[in-house]
Each structure stands twice: as structure tokens, then as C-alpha cells.
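Asker: Handing you a structure now.
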Amino acid sequence: MIDKAPRHRAIARSLGLGGLALAGALLLAGCGGATPTTFDLSAPSGFGRVGGASTLAVARPTTVQALDSDRVIVKDSSGALSFVGGAQWADTVPALVQTRLIQTFENAGRIAAVASPDQRVTPTAQLLTDIRSFNIEAGSGTAVVEITAKIVGDSTGRIQRARLFTARVPAGAVDGAGATQALNQALSQVLIEIVRWAR
């Protein structure tokens with residue numbers, strides 16, 4: 001009769017080592033910190049109706065690589081960037097800004113005349129934007145949003161108008177709730193100005 005005890009002991013040792021490895025992996029995962037709180041940006045409304053005859057395509061904003069993320073960014077006086085711990089946006093900043101900008105146009109009564117480029121519309125013009133700043137200033141604790149906007153003729157590619165929009169809102173405490181609320185307020189000011197300017 002063949003003795004199976006050595007084989008069983010080998011399997012038991014293997015399972016024991018696997019269990020230790022799994023426990024170690026779970027421990028390391030737990031050391032990664034708590035899941036960050038997710039914050040969103042809102043589209044302002046109630047600021048009046050804005051007319052306009054053009055069909056406008058709102059392109060996804062361009063920006064530098066550091067701002068093309070879901071992190072809440074803090075910038076010090078030297079230009080060095082850091083992140084607000086335990087906080088993140090619901091999507092990357094350019095994606096959120098594009099969505100909320102389109103919704104702001106819709107809230108102003110231009111639902112049928114505004115769309116993103118991937119929708120099946122034939123625009124008469126495009127709105128191109130670039131996010132220059134979307135961060136908290138460390139020294140002053142101020143939320144800064146700077147966005148350049150250009151109206152481009154869709155058939156000619158010629159820039160018809162261009163402007164820089166800026167808003168600054170005190171953030172108070174530079175934590176997840178304070179920073180994101182101030183940035184949301186600053187963005188709302190900029191979005192309203194862009195919609196009124198682009199009418």
C-alpha cells in the first residue's frame with residue numbers, strides 16, 4: 001500500500017504558504033490608505049437665457065499633462081505641484097469641464113445648438129478651450145481657474161474671437177471639501193462668462 005502522507009503534508013505546506021502570501025497581499029493592500037472621496041463639478045444654471053443662431057461644437061479642452069488627471073492639485077509659489085490627499089474628481093478635469101460647459105450652454109437655453117464633436121451634428125463653429133490653471137494656490141489658499149477660449153469657423157478654420165477667462169475664489173481650508181468647493185465655484189464663474197461671450 002502506498003503511503004500518501006508525505007504528499008498530503010506537501011499539499012498542506014503549499015496551502016499554508018499560499019495562505020500566508022494571500023494574507024501578506026491583503027495586508028499590503030490595506031496599507032495603501034483609505035479610498036479617496038470623489039468630488040464632482042456642477043454646471044451653473046439660473047443665470048438667464050442666452051440666445052444664439054450658430055450650431056456650436058464644444059471640443060474637449062486641452063491642457064498640460066499634470067492637469068489631465070482626476071487629482072485635486074495644489075501649486076506653491078515656486079510652481080511645484082502636489083495633491084490634496086484623500087480627494088479625487090469624478091473624471092479627469094478636461095472631461096468634466098467639457099461636460100459641464102455643454103450643460104451650461106443647455107441651461108442657458110441653447111440645447112439644440114450645442115454638442116460635442118463626436119455627436120452627429122454639422123456645426124457652424126467650434127469652441128476650443130485650453131485649461132491653463134485649475135488648482136489651489138498654496139500660499140493664499142485660493143482656487144484659481146484660467147481657461148482660454150476660441151471661436152473657430154468650422155468651414156474656414158479661422159479664429160473669429162479669442163479670450164482668457166479667469167476666476168479666483170478663497171478656499172479656506174485646503175482639504176478635499178474646501179478645495180473642491182472653491183474650484184467648483186471658480187469654474188462656475190468662468191463657464192457663465194464663456195457662455196455669455198460665445199452667444
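How things are named: the first chain in the C-alpha cells is A, the next is B, and so on; residues count from 1 in each chain; ligands count from 1 in the order shown.
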Which residues are near A:Ile73? Cut-off 7 Å, only C-alpha atoms, ignore same chain within fewer than 4 positions. Put them as a PyMOL selection string.

Answerer: chain A and resi 81-84+135-136

Asker: Would you mind exporting N, CA and C atoms of the selected residues as a PDB file, in the first residue's frame?

Answerer:
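Final output, saved to out-v4.pdb:
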ATOM      1  N   LEU A  81       3.976  71.279  -7.887  1.00  0.00           N
ATOM      2  CA  LEU A  81       2.619  70.774  -7.754  1.00  0.00           C
ATOM      3  C   LEU A  81       2.563  69.638  -6.749  1.00  0.00           C
ATOM      4  N   SER A  82       1.488  69.609  -5.963  1.00  0.00           N
ATOM      5  CA  SER A  82       1.206  68.492  -5.070  1.00  0.00           C
ATOM      6  C   SER A  82      -0.290  68.219  -5.141  1.00  0.00           C
ATOM      7  N   PHE A  83      -0.758  67.228  -4.398  1.00  0.00           N
ATOM      8  CA  PHE A  83      -2.155  66.828  -4.471  1.00  0.00           C
ATOM      9  C   PHE A  83      -2.816  66.917  -3.102  1.00  0.00           C
ATOM     10  N   VAL A  84      -4.098  67.220  -3.115  1.00  0.00           N
ATOM     11  CA  VAL A  84      -4.877  67.187  -1.882  1.00  0.00           C
ATOM     12  C   VAL A  84      -5.140  65.725  -1.546  1.00  0.00           C
ATOM     13  N   ASN A 135      -6.344  74.840 -10.043  1.00  0.00           N
ATOM     14  CA  ASN A 135      -5.600  74.412  -8.854  1.00  0.00           C
ATOM     15  C   ASN A 135      -5.848  75.355  -7.677  1.00  0.00           C
ATOM     16  N   ILE A 136      -5.334  74.935  -6.538  1.00  0.00           N
ATOM     17  CA  ILE A 136      -5.329  75.764  -5.341  1.00  0.00           C
ATOM     18  C   ILE A 136      -3.952  76.385  -5.200  1.00  0.00           C
TER      19      ILE A 136
END

Asker: Find the residues around A:Leu183 up to 8 Å (only C-alpha atoms counted), leave out those fewer than 5 positions away in its own chain, and share them as a list in words.

Answerer: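 Here the qualifying residues turn out to be Phe134, Asn135, Ile136, Ala143, Val144, Val145, Val169 and Ala171 of chain A.
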
Asker: With C-alpha atoms kept, could you save the residues just selected as a short mmCIF file (atom, residue, chain, number, x, y, z; two decimals), in the first residue's frame?

Answerer:
data_model
loop_
_atom_site.label_atom_id
_atom_site.label_comp_id
_atom_site.auth_asym_id
_atom_site.auth_seq_id
_atom_site.Cartn_x
_atom_site.Cartn_y
_atom_site.Cartn_z
CA PHE A 134 -7.20 74.54 -12.26
CA ASN A 135 -5.60 74.41 -8.85
CA ILE A 136 -5.33 75.76 -5.34
CA ALA A 143 -8.83 78.38 -6.05
CA VAL A 144 -7.65 79.56 -9.47
CA VAL A 145 -9.32 78.64 -12.75
CA VAL A 169 -12.26 82.01 -5.07
CA ALA A 171 -10.82 78.07 -0.46
#

Asker: Quote the spacing between atom CA of A:Ile102 and atom CA of A:Pro117 in Å to one decimal place.

Answerer: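 According to the coordinates, atom CA of A:Ile102 and atom CA of A:Pro117 are separated by 11.2 Å.
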
Asker: From the options A:Val58, A:Ala138, A:Leu96, A:Ala125, which residue's atoms come nearest to A:Gly157, counting only C-alpha atoms?

Answerer: A:Ala125

Asker: What's the 7 Å shell around stretch 32-41 of chain A, counting only C-alpha atoms, without same-chain residues fewer than 5 positions away, as JSON, numbers by chain?

Answerer: {"A": [86, 87, 88, 89, 90, 96, 180, 184]}
